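Pasted below: work.tsv, TSV, C-alpha atoms.
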chain	number	residue	atom	x	y	z
J	1	MET	CA	95.32	140.58	99.82
J	2	ASN	CA	93.50	139.37	102.92
J	3	VAL	CA	93.33	135.58	103.08
J	4	SER	CA	91.71	133.24	105.59
J	5	ILE	CA	92.09	129.51	106.05
J	6	LEU	CA	89.32	127.07	106.85
J	7	GLY	CA	90.69	124.01	108.60
J	8	GLY	CA	94.04	125.35	109.68
J	9	SER	CA	95.00	122.74	112.26
J	10	GLY	CA	95.81	119.90	109.87
J	11	TYR	CA	99.13	119.33	108.20
J	12	VAL	CA	98.04	120.97	104.94
J	13	GLY	CA	96.49	123.90	106.80
J	14	GLY	CA	99.69	124.36	108.80
J	15	GLU	CA	101.82	124.26	105.69
J	16	LEU	CA	99.54	126.77	104.04
J	17	LEU	CA	99.81	129.07	107.03
J	18	ARG	CA	103.61	128.80	106.98
J	19	LEU	CA	103.68	129.81	103.32
J	20	LEU	CA	101.15	132.62	103.61
J	21	LEU	CA	102.86	134.19	106.63
J	22	SER	CA	106.01	134.64	104.53
J	23	HIS	CA	104.19	135.74	101.38
J	24	PRO	CA	104.95	139.40	100.61
J	25	ARG	CA	101.46	140.17	99.27
J	26	ILE	CA	99.34	138.37	101.86
J	27	ASP	CA	97.82	139.27	105.20
J	28	VAL	CA	96.45	136.22	106.96
J	29	GLY	CA	93.10	137.13	108.50
J	30	GLN	CA	91.55	134.14	110.25
J	31	VAL	CA	92.44	130.49	110.66
J	32	THR	CA	89.66	128.15	111.72
J	33	SER	CA	89.72	124.93	113.69
J	34	GLU	CA	86.68	123.61	115.53
J	35	SER	CA	88.72	121.44	117.88
J	36	ASN	CA	91.29	124.16	118.65
J	37	ALA	CA	89.18	127.34	118.60
J	38	GLY	CA	90.66	129.91	120.96
J	39	LYS	CA	94.13	128.34	121.04
J	40	LEU	CA	97.21	129.94	119.55
J	41	VAL	CA	98.02	128.48	116.14
J	42	THR	CA	101.52	127.80	117.45
J	43	THR	CA	100.04	125.28	119.88
J	44	VAL	CA	99.41	123.03	116.89
J	45	HIS	CA	102.11	124.37	114.55
J	46	PRO	CA	105.13	125.00	116.80
J	47	ASN	CA	107.39	125.74	113.82
J	48	LEU	CA	105.54	129.07	113.50
J	49	ARG	CA	106.55	130.44	116.91
J	50	LYS	CA	107.54	134.12	116.62
J	51	ARG	CA	106.03	134.15	113.12
J	52	ALA	CA	102.35	133.79	113.95
J	53	HIS	CA	100.37	135.37	116.76
J	54	LEU	CA	96.97	134.26	115.54
J	55	ARG	CA	94.46	132.17	117.40
J	56	PHE	CA	92.21	129.60	115.81
J	57	CYS	CA	88.57	130.56	115.56
J	58	SER	CA	85.41	128.63	114.74
J	59	ILE	CA	84.21	128.48	111.16
J	60	THR	CA	81.03	130.17	112.40
J	61	GLU	CA	83.11	133.30	113.11
J	62	ILE	CA	84.58	133.60	109.64
J	63	LYS	CA	84.52	137.14	108.23
J	64	PRO	CA	84.65	138.39	104.64
J	65	CYS	CA	88.07	138.26	103.03
J	66	ASP	CA	89.61	138.51	99.55
J	67	LEU	CA	90.42	134.83	99.19
J	68	LEU	CA	89.43	131.80	101.20
J	69	PHE	CA	91.53	128.65	101.39
J	70	ALA	CA	89.73	125.50	102.48
J	71	ALA	CA	91.80	122.69	103.97
J	72	LEU	CA	88.94	120.80	105.58
J	73	PRO	CA	88.55	117.02	105.62
J	74	HIS	CA	87.13	115.50	102.45
J	75	GLY	CA	83.35	115.78	102.33
J	76	SER	CA	83.14	118.76	104.67
J	77	PHE	CA	83.66	121.77	102.39
J	78	MET	CA	81.12	120.64	99.80
J	79	LYS	CA	78.38	120.91	102.41
J	80	ARG	CA	79.45	124.41	103.41
J	81	PHE	CA	80.39	125.93	100.07
J	82	PRO	CA	76.91	127.24	99.10
J	83	ASP	CA	77.02	129.44	102.24
J	84	LEU	CA	80.75	130.13	102.37
J	85	ARG	CA	80.92	131.42	98.81
J	86	GLN	CA	79.44	134.63	100.22
J	87	VAL	CA	82.54	135.10	102.40
J	88	ALA	CA	85.08	135.60	99.62
J	89	PRO	CA	85.04	136.27	95.88
J	90	ARG	CA	87.80	133.69	95.37
J	91	VAL	CA	88.10	130.23	96.86
J	92	ILE	CA	90.80	127.56	96.67
J	93	ASP	CA	89.69	124.21	98.07
J	94	LEU	CA	92.50	121.79	98.84
J	95	SER	CA	90.22	118.87	99.64
J	96	ALA	CA	88.91	116.42	97.06
J	97	ASP	CA	85.40	117.90	97.14
J	98	PHE	CA	85.57	119.69	93.81
J	99	ARG	CA	88.31	117.81	91.99
J	100	LEU	CA	86.17	115.43	89.99
J	101	ARG	CA	84.03	116.72	87.14
J	102	SER	CA	81.39	114.03	87.43
J	103	ALA	CA	79.12	113.89	90.49
J	104	ASP	CA	78.61	110.20	89.75
J	105	ALA	CA	82.28	109.60	90.56
J	106	TYR	CA	81.90	110.65	94.21
J	107	PRO	CA	79.86	107.65	95.44
J	108	GLU	CA	82.23	105.33	93.60
J	109	TRP	CA	85.50	106.82	94.84
J	110	TYR	CA	84.61	108.68	98.03
J	111	GLY	CA	81.69	106.60	99.26
J	112	HIS	CA	79.10	109.36	99.41
J	113	PRO	CA	77.07	111.46	96.99
J	114	HIS	CA	78.18	114.99	96.25
J	115	ALA	CA	76.37	117.59	98.37
J	116	CYS	CA	76.11	120.20	95.63
J	117	PRO	CA	76.64	118.51	92.26
J	118	ASP	CA	75.33	121.51	90.36
J	119	LEU	CA	78.32	123.54	91.60
J	120	LEU	CA	81.02	121.07	90.55
J	121	GLN	CA	81.54	122.71	87.19
J	122	GLU	CA	82.27	126.05	88.82
J	123	PHE	CA	85.66	124.75	90.00
J	124	VAL	CA	88.79	124.34	87.93
J	125	TYR	CA	91.09	121.40	88.67
J	126	GLY	CA	93.93	123.56	89.86
J	127	LEU	CA	97.05	121.80	88.72
J	128	VAL	CA	98.60	124.98	87.40
J	129	GLU	CA	100.86	123.35	84.81
J	130	LEU	CA	97.79	121.85	83.12
J	131	ARG	CA	95.31	124.70	83.42
J	132	ARG	CA	97.12	127.98	83.96
J	133	ASP	CA	94.72	130.10	81.89
J	134	ALA	CA	91.62	128.61	83.47
J	135	VAL	CA	93.07	129.08	86.97
J	136	ARG	CA	93.80	132.71	86.11
J	137	ARG	CA	90.24	133.35	84.96
J	138	ASN	CA	88.22	131.32	87.44
J	139	PRO	CA	87.24	132.43	90.96
J	140	TYR	CA	86.97	128.86	92.26
J	141	VAL	CA	89.90	126.48	92.11
J	142	SER	CA	90.29	122.97	93.44
J	143	GLY	CA	93.57	121.48	94.60
J	144	ALA	CA	94.84	118.15	93.34
J	145	GLY	CA	95.70	114.95	95.19
J	146	CYS	CA	99.36	114.57	96.13
J	147	LEU	CA	99.86	111.17	94.51
J	148	ALA	CA	97.75	112.24	91.55
J	149	THR	CA	99.84	115.38	91.09
J	150	ALA	CA	103.07	113.41	90.81
J	151	ALA	CA	101.53	110.83	88.49
J	152	ILE	CA	99.79	113.34	86.26
J	153	LEU	CA	102.74	115.71	85.92
J	154	GLY	CA	105.02	112.79	85.11
J	155	LEU	CA	102.73	111.25	82.52
J	156	MET	CA	100.80	114.11	80.97
J	157	PRO	CA	103.44	115.04	78.35
J	158	LEU	CA	103.45	111.45	77.06
J	159	PHE	CA	99.67	111.13	76.94
J	160	ALA	CA	99.35	114.54	75.26
J	161	ARG	CA	101.79	113.40	72.53
J	162	ASN	CA	99.95	110.10	72.12
J	163	VAL	CA	103.09	108.02	72.52
J	164	VAL	CA	101.62	105.63	75.14
J	165	GLN	CA	100.57	102.23	73.83
J	166	ASP	CA	96.83	101.65	74.42
J	167	PHE	CA	96.81	104.69	76.75
J	168	ALA	CA	97.70	102.20	79.49
J	169	VAL	CA	99.97	102.82	82.45
J	170	THR	CA	100.79	101.07	85.73
J	171	ILE	CA	101.66	103.44	88.55
J	172	GLU	CA	103.24	102.51	91.88
J	173	ALA	CA	103.13	105.37	94.36
J	174	LYS	CA	105.19	105.53	97.53
J	175	VAL	CA	104.13	108.03	100.13
J	176	GLY	CA	105.14	109.34	103.55
J	177	SER	CA	103.04	109.32	106.70
J	178	SER	CA	101.97	112.98	106.66
J	179	ALA	CA	99.73	112.24	103.66
J	180	ALA	CA	97.48	110.33	106.03
J	181	GLY	CA	96.70	113.49	107.99
J	182	ASN	CA	97.08	114.23	111.70
J	183	THR	CA	94.30	112.08	113.12
J	184	PRO	CA	96.00	109.23	114.95
J	185	SER	CA	94.92	105.60	114.64
J	186	LEU	CA	96.32	102.19	115.45
J	187	ALA	CA	97.80	102.10	111.97
J	188	THR	CA	99.74	105.29	112.65
J	189	HIS	CA	100.82	104.26	116.15
J	190	HIS	CA	104.63	104.36	116.21
J	191	PRO	CA	105.29	100.66	116.88
J	192	GLU	CA	102.97	99.76	114.01
J	193	ARG	CA	104.00	102.44	111.55
J	194	SER	CA	107.73	102.67	112.15
J	195	GLY	CA	109.75	100.77	109.60
J	196	ALA	CA	106.64	99.72	107.66
J	197	VAL	CA	106.53	99.27	103.91
J	198	ARG	CA	102.78	98.98	103.79
J	199	SER	CA	100.75	98.32	100.67
J	200	PHE	CA	97.72	100.19	101.92
J	201	GLN	CA	95.85	100.48	98.63
J	202	ALA	CA	96.96	98.02	95.99
J	203	THR	CA	93.85	98.81	93.95
J	204	GLY	CA	90.98	101.24	94.19
J	205	HIS	CA	92.88	104.28	95.48
J	206	ARG	CA	90.81	107.45	95.22
J	207	HIS	CA	93.42	109.33	93.27
J	208	THR	CA	92.94	106.89	90.40
J	209	ALA	CA	89.82	108.85	89.50
J	210	GLU	CA	91.52	112.19	89.06
J	211	ILE	CA	94.49	110.68	87.26
J	212	ALA	CA	92.09	109.10	84.77
J	213	GLN	CA	90.15	112.33	84.53
J	214	GLU	CA	93.16	114.49	83.72
J	215	LEU	CA	95.04	112.04	81.48
J	216	GLY	CA	91.68	111.33	79.85
J	217	LEU	CA	91.80	114.74	78.22
J	218	HIS	CA	94.00	113.09	75.61
J	219	GLY	CA	92.27	109.72	75.12
J	220	GLU	CA	90.64	106.94	77.14
J	221	PRO	CA	93.31	106.01	79.69
J	222	LYS	CA	93.69	102.67	81.44
J	223	ILE	CA	95.13	103.50	84.85
J	224	HIS	CA	96.49	100.76	87.12
J	225	PHE	CA	97.42	102.43	90.41
J	226	SER	CA	98.85	101.06	93.65
J	227	ALA	CA	99.97	102.98	96.74
J	228	THR	CA	102.51	102.02	99.39
J	229	ALA	CA	103.25	103.82	102.66
J	230	ILE	CA	106.95	104.03	103.39
J	231	GLU	CA	109.28	105.28	106.11
J	232	LEU	CA	109.05	108.99	105.30
J	233	VAL	CA	107.17	111.88	106.91
J	234	ARG	CA	106.98	114.02	103.78
J	235	GLY	CA	107.39	112.82	100.25
J	236	VAL	CA	105.88	111.07	97.26
J	237	LEU	CA	107.58	109.06	94.55
J	238	THR	CA	105.53	107.64	91.70
J	239	THR	CA	107.07	105.04	89.43
J	240	SER	CA	105.01	104.64	86.26
J	241	HIS	CA	105.47	101.87	83.73
J	242	LEU	CA	104.14	102.13	80.19
J	243	LEU	CA	104.85	100.74	76.75
J	244	LEU	CA	105.64	103.15	73.96
J	245	ARG	CA	103.55	103.00	70.80
J	246	GLU	CA	106.75	103.06	68.80
J	247	PRO	CA	110.40	103.07	69.77
J	248	LEU	CA	111.60	106.51	70.82
J	249	ASP	CA	115.18	107.22	71.60
J	250	GLU	CA	116.50	109.05	74.61
J	251	ARG	CA	116.56	112.40	72.87
J	252	ASP	CA	112.94	112.07	71.73
J	253	ILE	CA	111.81	111.65	75.34
J	254	TRP	CA	113.96	114.54	76.49
J	255	LYS	CA	112.43	116.68	73.76
J	256	ILE	CA	108.88	115.84	74.86
J	257	TYR	CA	109.60	116.83	78.45
J	258	ARG	CA	111.61	119.92	77.53
J	259	GLU	CA	108.91	121.21	75.22
J	260	THR	CA	106.26	120.69	77.89
J	261	TYR	CA	108.08	121.85	80.99
J	262	GLY	CA	111.07	123.86	79.82
J	263	ASP	CA	109.52	127.13	81.02
J	264	GLU	CA	107.78	125.76	84.10
J	265	PRO	CA	109.28	127.21	87.29
J	266	PHE	CA	108.48	124.22	89.49
J	267	ILE	CA	109.12	121.27	87.18
J	268	ARG	CA	112.65	119.93	86.83
J	269	ILE	CA	113.75	117.10	84.58
J	270	VAL	CA	116.09	115.04	86.72
J	271	LYS	CA	118.00	112.34	84.89
J	272	ASP	CA	121.63	112.75	85.65
J	273	ALA	CA	124.42	110.58	84.34
J	274	LYS	CA	126.44	110.99	87.52
J	275	GLY	CA	126.17	111.90	91.15
J	276	VAL	CA	124.29	110.28	94.02
J	277	PHE	CA	120.82	111.60	93.20
J	278	ARG	CA	120.48	110.63	89.55
J	279	TYR	CA	116.71	110.42	89.56
J	280	PRO	CA	113.92	112.27	91.40
J	281	GLU	CA	114.31	111.90	95.15
J	282	PRO	CA	111.57	113.12	97.52
J	283	LYS	CA	114.02	113.67	100.36
J	284	LEU	CA	115.58	116.63	98.56
J	285	LEU	CA	112.18	118.23	97.94
J	286	ALA	CA	110.94	118.55	101.53
J	287	GLY	CA	109.45	122.00	101.96
J	288	THR	CA	109.81	122.94	98.30
J	289	ASN	CA	107.21	123.34	95.58
J	290	PHE	CA	109.17	121.39	92.99
J	291	CYS	CA	108.06	118.31	91.18
J	292	ASP	CA	111.11	116.47	89.83
J	293	ILE	CA	110.54	114.15	86.88
J	294	GLY	CA	112.88	111.56	85.41
J	295	PHE	CA	112.64	108.60	83.07
J	296	GLU	CA	114.46	105.50	81.90
J	297	ARG	CA	113.86	103.42	78.79
J	298	ASP	CA	114.00	99.65	78.75
J	299	ILE	CA	115.07	99.15	75.17
J	300	ARG	CA	114.56	95.37	75.34
J	301	THR	CA	110.84	95.70	76.00
J	302	ASN	CA	110.04	99.20	74.68
J	303	ARG	CA	108.98	100.07	78.21
J	304	LEU	CA	109.37	103.55	79.59
J	305	VAL	CA	109.64	104.08	83.35
J	306	VAL	CA	108.68	107.56	84.53
J	307	LEU	CA	109.64	108.74	88.00
J	308	ALA	CA	108.09	111.77	89.68
J	309	ALA	CA	108.81	113.10	93.17
J	310	LEU	CA	107.37	115.90	95.27
J	311	ASP	CA	106.57	116.96	98.83
J	312	ASN	CA	102.97	115.87	99.43
J	313	LEU	CA	102.26	118.88	101.66
J	314	MET	CA	103.80	121.33	99.18
J	315	LYS	CA	103.44	120.69	95.45
J	316	GLY	CA	101.02	117.96	96.47
J	317	ALA	CA	98.77	120.37	98.44
J	318	ALA	CA	99.53	123.76	100.05
J	319	GLY	CA	102.37	124.82	97.74
J	320	ASN	CA	100.33	124.17	94.63
J	321	GLY	CA	97.48	126.10	96.27
J	322	VAL	CA	99.70	129.13	96.81
J	323	GLN	CA	100.98	128.80	93.25
J	324	ALA	CA	97.38	128.82	92.04
J	325	MET	CA	96.63	131.86	94.20
J	326	ASN	CA	99.59	133.72	92.66
J	327	VAL	CA	98.27	132.92	89.20
J	328	MET	CA	94.73	134.00	90.10
J	329	ALA	CA	96.07	137.30	91.45
J	330	GLY	CA	98.33	137.92	88.45
J	331	TRP	CA	101.47	137.86	90.59
J	332	ASP	CA	104.80	136.18	89.99
J	333	GLU	CA	103.93	132.50	90.25
J	334	CYS	CA	106.90	131.82	92.54
J	335	LEU	CA	106.06	134.39	95.25
J	336	GLY	CA	106.36	132.78	98.66
J	337	LEU	CA	107.56	129.53	97.12
J	338	GLU	CA	111.23	130.27	96.59
J	339	PHE	CA	112.62	127.75	99.10
J	340	ALA	CA	115.12	125.49	97.30
J	341	GLY	CA	115.19	122.66	99.83
J	342	LEU	CA	117.91	121.30	102.08
J	343	HIS	CA	120.95	119.20	101.39
J	344	PRO	CA	122.01	117.22	103.23
J	345	ILE	CA	118.82	116.40	105.06
U	1	MET	CA	128.33	125.07	70.78
U	2	ALA	CA	127.73	121.35	70.52
U	3	LYS	CA	124.75	119.06	71.00
U	4	CYS	CA	124.60	116.49	73.77
U	5	LEU	CA	124.68	113.05	72.18
U	6	GLU	CA	122.49	111.69	74.97
U	7	CYS	CA	119.69	114.24	75.46
U	8	ASP	CA	120.21	116.77	72.65
U	9	ALA	CA	120.75	119.73	74.99
U	10	ASP	CA	123.02	122.56	73.90
U	11	ILE	CA	126.51	122.32	75.37
U	12	ILE	CA	128.34	125.63	75.27
U	13	LEU	CA	132.08	125.23	74.75
U	14	ASP	CA	134.20	128.21	75.62
U	15	ASP	CA	136.92	129.50	73.31
U	16	THR	CA	139.71	127.93	75.28
U	17	VAL	CA	138.42	124.37	75.07
U	18	GLU	CA	141.03	121.93	73.81
U	19	GLU	CA	140.97	118.54	72.18
U	20	GLY	CA	140.95	115.80	74.77
U	21	GLU	CA	139.18	117.94	77.37
U	22	ILE	CA	136.21	116.44	79.20
U	23	VAL	CA	132.99	118.48	79.19
U	24	ASP	CA	129.61	117.61	80.62
U	25	CYS	CA	126.00	118.24	79.62
U	26	PRO	CA	124.21	120.80	81.80
U	27	ASP	CA	120.92	118.87	81.55
U	28	CYS	CA	121.74	115.18	81.85
U	29	GLY	CA	125.29	115.34	83.21
U	30	THR	CA	126.75	112.98	80.61
U	31	GLU	CA	130.47	113.48	80.14
U	32	PHE	CA	132.03	113.87	76.70
U	33	GLU	CA	135.51	114.09	75.37
U	34	VAL	CA	136.20	116.92	72.93
U	35	LYS	CA	137.48	115.14	69.84
U	36	ALA	CA	137.82	118.29	67.71
U	37	THR	CA	137.23	121.98	68.25
U	38	SER	CA	136.49	123.28	64.78
U	39	PRO	CA	133.84	122.18	64.24
U	40	ALA	CA	133.16	121.02	67.78
U	41	THR	CA	132.98	117.25	67.87
U	42	LEU	CA	132.16	115.26	70.99
U	43	ALA	CA	132.39	111.59	71.87
U	44	TYR	CA	131.24	109.78	74.99
U	45	ALA	CA	133.92	109.93	77.67
U	46	PRO	CA	135.01	106.63	79.22
U	47	LYS	CA	132.85	105.78	82.22
U	48	GLU	CA	133.90	104.60	85.63
U	49	GLU	CA	131.93	101.50	86.47
U	50	GLU	CA	129.97	101.73	89.70
U	51	ASP	CA	128.39	99.07	91.85
U	52	TRP	CA	124.90	100.13	92.84
U	53	GLY	CA	123.87	97.06	94.75
U	54	GLU	CA	124.08	93.36	94.85
Since I need it in another form, could you write the structure as C-alpha cells?
Amino acid sequence: MNVSILGGSGYVGGELLRLLLSHPRIDVGQVTSESNAGKLVTTVHPNLRKRAHLRFCSITEIKPCDLLFAALPHGSFMKRFPDLRQVAPRVIDLSADFRLRSADAYPEWYGHPHACPDLLQEFVYGLVELRRDAVRRNPYVSGAGCLATAAILGLMPLFARNVVQDFAVTIEAKVGSSAAGNTPSLATHHPERSGAVRSFQATGHRHTAEIAQELGLHGEPKIHFSATAIELVRGVLTTSHLLLREPLDERDIWKIYRETYGDEPFIRIVKDAKGVFRYPEPKLLAGTNFCDIGFERDIRTNRLVVLAALDNLMKGAAGNGVQAMNVMAGWDECLGLEFAGLHPI
Amino acid sequence: MAKCLECDADIILDDTVEEGEIVDCPDCGTEFEVKATSPATLAYAPKEEEDWGE
C-alpha cells in the first residue's frame, strides 16, 4: 500500500514515518512540510538516518496514493479536506479536526467554527478498541487525543457497565513535553520547562470534549478534567477518581476489565502485587503502542481509582493511527507495532 | 487448577506441586501458599512489609 503523510515534520509525523518505514506492507510515498520542503526528512528526524532517504515536499505537490495520513496542526486539515479527499480513497487524520461529532463543539473547545461541518459525520472516531468494526468499514478515520485516549480506555469499561455513580469522574492527567508539539515558546524554553510540575489546564482542556463524547455513549457523563505537564518527554498517566454505584470487590473489577480487554492486543491490565512497577508506568511504554490500565479500590469511601498510561506519540497518536490503518486494510492489527519497549530506560 | 483469591484468574498448578509451596497469580502477581493439593486449596502467603515512602 502506498501511503503519504501530510505534516511530516512534527513529532507525530516523525513517529508515523518511523512506524511506516518499518511496516512490511507499506511504501511511504511523500512526506510534506511547508517549512522544510526540499530538505531530507532526516534533517528533522535524525533517528531515521539510513532508514529514510525521502525529502519533504510541499502539500501542493501531493500525488494520489492509497492512504493519506494527516498530521497537520489543529484547524489546518479541515480547511483542506474537501480538496485532499481526491488524493486518496482512505484518510486518517491525527489532528482534532474530525474528532468531535458536533460542529457546535468546535467554537467552544477549539475557538473557531468548523470549516466543513457537513463532512464531520463522514469520519469515525478512530479509537480502535471502541470502534473496530466502524474503522474497518469507513474510509475516513480520525485519531484521538493522547490524554483522552488514556482516560477513555481506562474508564470506558466502567461506564459501559453502568457501575459509575452519577456517571461522574474526576481525571488528573500528567503529560510529557512532546505532547505540546515542536514549536518552541518561552514556556518550553529549557530553564522554564526543566523540572516543572505545571498545572497548565486545571479546567477547560480540549480533550474534555472527546472524553465526554465517547463516555457519553453510555449515559450523560460529568467529566472533571485537569492536566499537568511533568518532567517527561514522552508519556501520559491519567489518574481517574470515581465512586461506584454499589460496592464491587476486587474480582468484580478484574472481571469487567478482563471481559472488555482480554483479547485486545494493546491493552494490558497492570495491577501487580509485587515488583517495582505495580501500576501503569509511562516510562516503560516509550515507543510502544500499549495502553496499560490499573485500578485500586478505596473500600472506606467506595472510591475507585483508575490509572492509565501510554506513550502520547504512539497509542496517543501515530501508533493508534497505524493500528487503525491495519484494521482498515484487513491486516494483522499489530503489524509494524510489535516493539515491546525498553527496560531499564 | 485453582482460582486466584484476589483477581479470580486461573492459576495452573503442575502435577508436582506440594503442600506448603508458594505459587503466584499470572495476572495480579499475588502469592499464595498451597494448603492442599487434592482438591487444590490456596491461602494468601505471608507478605513482606515494604516502606514505600514517608
For J:Ala96, which residue out of J:Gly145, J:Pro64, J:Pro221, J:Gly14 is the nearest one, using only C-alpha atoms?
J:Gly145
Hey, what's within 12 Å of stretch 30-38 of chain U if we count only C-alpha atoms and toss same-chain stuff fewer than 4 positions away? As a PyMOL selection string, please?
(chain J and resi 271-275+278) or (chain U and resi 1-9+11-26+42-48)
Taking C-alpha atoms for each residue, export the selection above as a PDB file, keeping the file's coordinate frame.
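See out-v5.pdb below for the written result:
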ATOM      1  CA  LYS J 271     118.000 112.340  84.890  1.00  0.00           C
ATOM      2  CA  ASP J 272     121.630 112.750  85.650  1.00  0.00           C
ATOM      3  CA  ALA J 273     124.420 110.580  84.340  1.00  0.00           C
ATOM      4  CA  LYS J 274     126.440 110.990  87.520  1.00  0.00           C
ATOM      5  CA  GLY J 275     126.170 111.900  91.150  1.00  0.00           C
ATOM      6  CA  ARG J 278     120.480 110.630  89.550  1.00  0.00           C
TER       7      ARG J 278
ATOM      8  CA  MET U   1     128.330 125.070  70.780  1.00  0.00           C
ATOM      9  CA  ALA U   2     127.730 121.350  70.520  1.00  0.00           C
ATOM     10  CA  LYS U   3     124.750 119.060  71.000  1.00  0.00           C
ATOM     11  CA  CYS U   4     124.600 116.490  73.770  1.00  0.00           C
ATOM     12  CA  LEU U   5     124.680 113.050  72.180  1.00  0.00           C
ATOM     13  CA  GLU U   6     122.490 111.690  74.970  1.00  0.00           C
ATOM     14  CA  CYS U   7     119.690 114.240  75.460  1.00  0.00           C
ATOM     15  CA  ASP U   8     120.210 116.770  72.650  1.00  0.00           C
ATOM     16  CA  ALA U   9     120.750 119.730  74.990  1.00  0.00           C
ATOM     17  CA  ILE U  11     126.510 122.320  75.370  1.00  0.00           C
ATOM     18  CA  ILE U  12     128.340 125.630  75.270  1.00  0.00           C
ATOM     19  CA  LEU U  13     132.080 125.230  74.750  1.00  0.00           C
ATOM     20  CA  ASP U  14     134.200 128.210  75.620  1.00  0.00           C
ATOM     21  CA  ASP U  15     136.920 129.500  73.310  1.00  0.00           C
ATOM     22  CA  THR U  16     139.710 127.930  75.280  1.00  0.00           C
ATOM     23  CA  VAL U  17     138.420 124.370  75.070  1.00  0.00           C
ATOM     24  CA  GLU U  18     141.030 121.930  73.810  1.00  0.00           C
ATOM     25  CA  GLU U  19     140.970 118.540  72.180  1.00  0.00           C
ATOM     26  CA  GLY U  20     140.950 115.800  74.770  1.00  0.00           C
ATOM     27  CA  GLU U  21     139.180 117.940  77.370  1.00  0.00           C
ATOM     28  CA  ILE U  22     136.210 116.440  79.200  1.00  0.00           C
ATOM     29  CA  VAL U  23     132.990 118.480  79.190  1.00  0.00           C
ATOM     30  CA  ASP U  24     129.610 117.610  80.620  1.00  0.00           C
ATOM     31  CA  CYS U  25     126.000 118.240  79.620  1.00  0.00           C
ATOM     32  CA  PRO U  26     124.210 120.800  81.800  1.00  0.00           C
ATOM     33  CA  LEU U  42     132.160 115.260  70.990  1.00  0.00           C
ATOM     34  CA  ALA U  43     132.390 111.590  71.870  1.00  0.00           C
ATOM     35  CA  TYR U  44     131.240 109.780  74.990  1.00  0.00           C
ATOM     36  CA  ALA U  45     133.920 109.930  77.670  1.00  0.00           C
ATOM     37  CA  PRO U  46     135.010 106.630  79.220  1.00  0.00           C
ATOM     38  CA  LYS U  47     132.850 105.780  82.220  1.00  0.00           C
ATOM     39  CA  GLU U  48     133.900 104.600  85.630  1.00  0.00           C
TER      40      GLU U  48
END
Would you mind listing, as a list in words, all residues of chain J that have at least one atom within 12 Å of chain U, where all atoms listed in the file are what counts?
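The complete set of qualifying residues is Asp249, Glu250, Arg251, Asp252, Ile253, Trp254, Lys255, Ile256, Tyr257, Arg258, Glu259, Gly262, Arg268, Ile269, Val270, Lys271, Asp272, Ala273, Lys274, Gly275, Val276, Phe277, Arg278, Tyr279, Gly294 and Phe295 of chain J.
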Enter the distance from atom CA of J:Glu108 to atom CA of J:Gly143, in Å, rounded to one decimal.
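Taking atom CA of J:Glu108 as the start and atom CA of J:Gly143 as the end point, the length is 19.8 Å.
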Residue contacts of J:Ala329 (10 Å, all atoms listed in the file) excluding same-chain residues fewer than 5 positions away, as a PyMOL selection string:
chain J and resi 1+25+67+90+135-137+323-324
Selection file, C-alpha atoms, as an mmCIF file, in the coordinates of the input:
data_model
loop_
_atom_site.group_PDB
_atom_site.id
_atom_site.type_symbol
_atom_site.label_atom_id
_atom_site.label_comp_id
_atom_site.auth_asym_id
_atom_site.auth_seq_id
_atom_site.Cartn_x
_atom_site.Cartn_y
_atom_site.Cartn_z
ATOM 1 C CA MET J 1 95.320 140.580 99.820
ATOM 2 C CA ARG J 25 101.460 140.170 99.270
ATOM 3 C CA LEU J 67 90.420 134.830 99.190
ATOM 4 C CA ARG J 90 87.800 133.690 95.370
ATOM 5 C CA VAL J 135 93.070 129.080 86.970
ATOM 6 C CA ARG J 136 93.800 132.710 86.110
ATOM 7 C CA ARG J 137 90.240 133.350 84.960
ATOM 8 C CA GLN J 323 100.980 128.800 93.250
ATOM 9 C CA ALA J 324 97.380 128.820 92.040
#
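Between atom CA of J:His205 and atom CA of J:Phe290 the interatomic distance comes to 23.8 Å.
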For the point (78.5, 119.6, 99.7) in the file's frame, write as a PyMOL selection string all residues with an atom no more than 10 Å away, counting all atoms listed in the file.
chain J and resi 74-82+97-98+113-117+119-120
Quick one: pull the distance between atom CA of J:Phe266 and atom CA of J:Leu16, Å, one decimal.
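Between atom CA of J:Phe266 and atom CA of J:Leu16 the gap is 17.3 Å.
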Mind dumping stretch 298-309 of chain J from that block, keeping C-alpha atoms, as a PDB file, in the first residue's frame?
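This is the output file part21.pdb:
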ATOM      1  CA  ASP J 298     -10.703   2.640  48.439  1.00  0.00           C
ATOM      2  CA  ILE J 299     -13.039   0.454  50.436  1.00  0.00           C
ATOM      3  CA  ARG J 300     -13.602   3.139  53.088  1.00  0.00           C
ATOM      4  CA  THR J 301     -15.185   5.538  50.604  1.00  0.00           C
ATOM      5  CA  ASN J 302     -16.332   3.218  47.787  1.00  0.00           C
ATOM      6  CA  ARG J 303     -13.995   5.159  45.521  1.00  0.00           C
ATOM      7  CA  LEU J 304     -12.280   3.520  42.594  1.00  0.00           C
ATOM      8  CA  VAL J 305      -9.022   4.965  41.257  1.00  0.00           C
ATOM      9  CA  VAL J 306      -8.246   4.046  37.656  1.00  0.00           C
ATOM     10  CA  LEU J 307      -4.749   4.539  36.261  1.00  0.00           C
ATOM     11  CA  ALA J 308      -3.960   4.504  32.555  1.00  0.00           C
ATOM     12  CA  ALA J 309      -0.577   5.062  30.908  1.00  0.00           C
TER      13      ALA J 309
END
